[in-house]
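Here the structure comes first, spelled out in structure tokens, and everything after it is commentary.
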Amino acid sequence: MVLVTGGAGYVGGTTARYLIEKGEQVVILDSLVSSSIEDVPSGAVFYKGDVADTALVTEIVKKHNIDACLHFAAFIEVAESIQNPYKYFENNTSKSLILFNTLKDNGVLKIVFSSTAAVYGEAKYIPIDENHPLNPVSPYGMSKFFIENILSFFDASYNVRHVALRYFNACGAWGGSGEKHNPETHLIPLVLQVPLGKREKIYINGTDYNTKDGTCVRDYVHVYDLAHAHYLALNYLRAGGKSEMLNLGTGCGFSVKEIIEVCEKVAGVEINKEIRGRRAGDPAVLIASNKKAKEILGWDIKYNDLYDIVKSAYLFHKS
Ligand SMILES: NC(=O)c1ccc[n+]([C@@H]2O[C@H](COP(=O)([O-])OP(=O)(O)OC[C@H]3O[C@@H](n4cnc5c(N)ncnc54)[C@H](O)[C@@H]3O)[C@@H](O)[C@H]2O)c1
């Protein structure tokens, strides 16, 4: 069986649903610190608890004969991490270290880890490949960078094989899982809150970037495609694959203005917006090279069309 930490959350929940559909037996461990019991996918065995609870993790591994762990559980807000770095280094880095050690002590030597494009910091070139220098600029990005390094040393010393998947901007909805962070800071759900009557307007943070229309450009990858990549990474490790760090993005970039335009098209209304100044720490462009994930995992992307991605999110939030 496979252990999914953070499986009540957005990406972990979608991946758990995807794995169950593929016939995997899934055990979810989630403290519900940023999700709720209704978010736990049906068909999974669920434990409410913390990844750093060594006794609980040991019990789960033994009872369910766990062979691999997909580790999603984390705090994910960049701005909050700048205000409160301790919270991020404690929950993301320290607790991951404890989790990996417990897994290793109980013979679980395969880990798929949710990393992030934030490990790169400011892009020195585009598209960003895995050889790009790592220079995280937020405690959030740094907390993930530390975990990647811990995993490398665990591989060298304890043979813990792992795939660190560096997601770019996760988005969209699938199988009943959608993006609903609290507070929400991600662009697509924020924009869609306007036509759904939950927000008066959307702020565009800076229109003077060196991009096609002056607004920031990001690589939006559908959560279904992320779930698919986790499934492939799990099977890659089971087949004896060596440890890897892989980008997960589409290789295409969309600006803030383009996202708002597509949201308007999907919702069928004009969206109230206001331009304000740049936000600190926002790089102008982040676009992934996904060549390595395609070569190593055989990853293929189903959701290439931004309209379809936004529509899946809109239908989720509407319901
Ligand atoms: N959403 C994105 O765009 C994005 C981009 C890059 C990387 N990631 C990474 O993907 C992972 C999942 O992100 P998400 O958007 O699904 O976040 P989320 O907040 O929806 O899910 C995280 C889940 O982990 C749980 N959790 C947190 N700390 C825990 C702990 N110590 N013990 C047990 N459970 C705990 C929360 O209750 C929540 O259910 C994170 O590791 C995040 O850093 C997300």
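Ordering of the structure tokens sets the chain letters (A, B, ...), residue numbers begin anew at 1 in every chain, and ligands are numbered from 1 in the order given.
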- Message: Set the distance at 8 Å and use only C-alpha atoms: which residues neighbour Val2 (chain A) once local chain neighbours fewer than 6 positions away are removed? I'd like the list as a count of residues only.
- Response: 9
- Item | Glu184 (chain A) environment, 10 Å, only C-alpha atoms, sequence neighbours closer than 6 positions dropped, as a list in words | Glu77, Leu190 and Gln193 of chain A
- Item | helix (DSSP H, G or I) positions in region 176-247 of chain A, given as a PyMOL selection string | chain A and resi 187-193+223-238
Keeping C-alpha atoms, export the residues of the selection given above as an mmCIF file, in the first residue's frame.
data_model
loop_
_atom_site.group_PDB
_atom_site.id
_atom_site.type_symbol
_atom_site.label_atom_id
_atom_site.label_comp_id
_atom_site.auth_asym_id
_atom_site.auth_seq_id
_atom_site.Cartn_x
_atom_site.Cartn_y
_atom_site.Cartn_z
ATOM 1 C CA LEU A 187 -4.383 33.513 -9.104
ATOM 2 C CA ILE A 188 -7.032 31.406 -10.874
ATOM 3 C CA PRO A 189 -9.269 30.743 -7.825
ATOM 4 C CA LEU A 190 -8.842 34.381 -6.754
ATOM 5 C CA VAL A 191 -9.947 35.686 -10.169
ATOM 6 C CA LEU A 192 -12.887 33.255 -10.285
ATOM 7 C CA GLN A 193 -14.097 34.487 -6.894
ATOM 8 C CA VAL A 223 -3.637 19.085 -11.030
ATOM 9 C CA TYR A 224 -4.712 15.994 -13.015
ATOM 10 C CA ASP A 225 -1.378 16.072 -14.849
ATOM 11 C CA LEU A 226 0.426 16.421 -11.510
ATOM 12 C CA ALA A 227 -1.454 13.403 -10.152
ATOM 13 C CA HIS A 228 -0.520 11.423 -13.255
ATOM 14 C CA ALA A 229 3.159 12.366 -12.801
ATOM 15 C CA HIS A 230 3.078 11.121 -9.175
ATOM 16 C CA TYR A 231 1.661 7.804 -10.314
ATOM 17 C CA LEU A 232 4.437 7.494 -12.912
ATOM 18 C CA ALA A 233 7.095 8.497 -10.347
ATOM 19 C CA LEU A 234 5.810 5.882 -7.896
ATOM 20 C CA ASN A 235 6.037 3.158 -10.528
ATOM 21 C CA TYR A 236 9.429 4.454 -11.668
ATOM 22 C CA LEU A 237 10.771 3.959 -8.134
ATOM 23 C CA ARG A 238 9.098 0.565 -7.808
#
List every residue of chain A that has an atom at most 8 Å from any atom of ligand 1, giving for each one its closest atom pair and the distance in Å to one decimal, counting only C-alpha atoms and all ligand atoms, sorted by chain and then by ascending residue number, as CSV.
residue,atom,partner,partner_atom_place_in_ligand_line,distance
A:Thr5,CA,ligand 1,34 (N),6.1
A:Gly6,CA,ligand 1,24 (O),3.4
A:Gly7,CA,ligand 1,39 (O),6.0
A:Ala8,CA,ligand 1,39 (O),4.3
A:Gly9,CA,ligand 1,21 (O),3.3
A:Tyr10,CA,ligand 1,16 (O),3.5
A:Val11,CA,ligand 1,16 (O),3.8
A:Gly12,CA,ligand 1,16 (O),5.3
A:Gly13,CA,ligand 1,16 (O),7.2
A:Leu29,CA,ligand 1,33 (C),6.1
A:Asp30,CA,ligand 1,34 (N),3.7
A:Ser31,CA,ligand 1,34 (N),4.1
A:Leu32,CA,ligand 1,37 (O),3.6
A:Val33,CA,ligand 1,37 (O),3.9
A:Ser34,CA,ligand 1,37 (O),3.9
A:Ser35,CA,ligand 1,39 (O),4.4
A:Ser36,CA,ligand 1,39 (O),7.3
A:Lys48,CA,ligand 1,33 (C),7.7
A:Gly49,CA,ligand 1,33 (C),5.7
A:Asp50,CA,ligand 1,32 (N),3.5
A:Val51,CA,ligand 1,32 (N),4.2
A:Ala52,CA,ligand 1,31 (N),6.5
A:His71,CA,ligand 1,41 (O),7.1
A:Phe72,CA,ligand 1,41 (O),4.2
A:Ala73,CA,ligand 1,24 (O),3.4
A:Ala74,CA,ligand 1,27 (C),4.1
A:Phe75,CA,ligand 1,27 (C),5.5
A:Ile76,CA,ligand 1,43 (O),4.7
A:Asn91,CA,ligand 1,31 (N),5.3
A:Asn92,CA,ligand 1,31 (N),7.1
A:Lys95,CA,ligand 1,31 (N),6.3
A:Phe113,CA,ligand 1,41 (O),7.6
A:Ser114,CA,ligand 1,41 (O),4.8
A:Ser115,CA,ligand 1,7 (C),5.3
A:Thr116,CA,ligand 1,6 (C),4.1
A:Ala117,CA,ligand 1,6 (C),6.4
A:Ala118,CA,ligand 1,6 (C),7.5
A:Tyr140,CA,ligand 1,43 (O),7.8
A:Lys144,CA,ligand 1,43 (O),7.4
A:Arg166,CA,ligand 1,6 (C),6.5
A:Tyr167,CA,ligand 1,6 (C),4.5
A:Phe168,CA,ligand 1,5 (C),5.6
A:Asn169,CA,ligand 1,3 (O),4.4
A:Ala170,CA,ligand 1,3 (O),3.8
A:Cys171,CA,ligand 1,3 (O),6.6
A:Glu179,CA,ligand 1,20 (O),7.0
A:Lys180,CA,ligand 1,20 (O),7.1
A:His181,CA,ligand 1,20 (O),5.8
A:His186,CA,ligand 1,3 (O),7.3
- Task: Compare A:Lys63, A:Arg278, A:Lys104, A:Lys294 by their minimum atom-to-atom distance to Tyr158 (chain A), counting only C-alpha atoms, and give me the closest one.
- Result: A:Lys104
- Interatomic distance (Å, one decimal) between CA of Val78 (chain A) and CA of Phe154 (chain A): 26.6 Å
- Query: Near Asn101 (chain A), counting only C-alpha atoms, which residues have an atom at most 12 Å away, once you skip same-chain residues fewer than 6 positions from it, shown as a PyMOL selection string?
  - Reply: chain A and resi 51-54+57-58+94-95+107-109+111+150-151+153-155+157-160
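When only C-alpha atoms are used to measure the gap to Glu264 (chain A), the shortest distance among A:Val119, A:Val194, A:Val4, A:Leu97 belongs to A:Val194.
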- Message: Give me, as a list in words, all polymer residues having an atom no more than 7 Å from Ala313 (chain A), counting only C-alpha atoms and skipping those fewer than 3 positions away in the same chain.
- Response: Gly172, Ala173, Gly178, Ile309, Val310, Phe316 and His317 of chain A
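Picture a line from CA of Thr14 (chain A) to CA of Ile28 (chain A); it runs 12.0 Å.
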- CA of Ala79 (chain A) and CA of Tyr203 (chain A), how far apart in Å? 16.1 Å
- Near Gly206 (chain A), counting only C-alpha atoms, which residues have an atom at most 10 Å away, once you skip same-chain residues fewer than 2 positions from it, shown as a count of residues only? 15
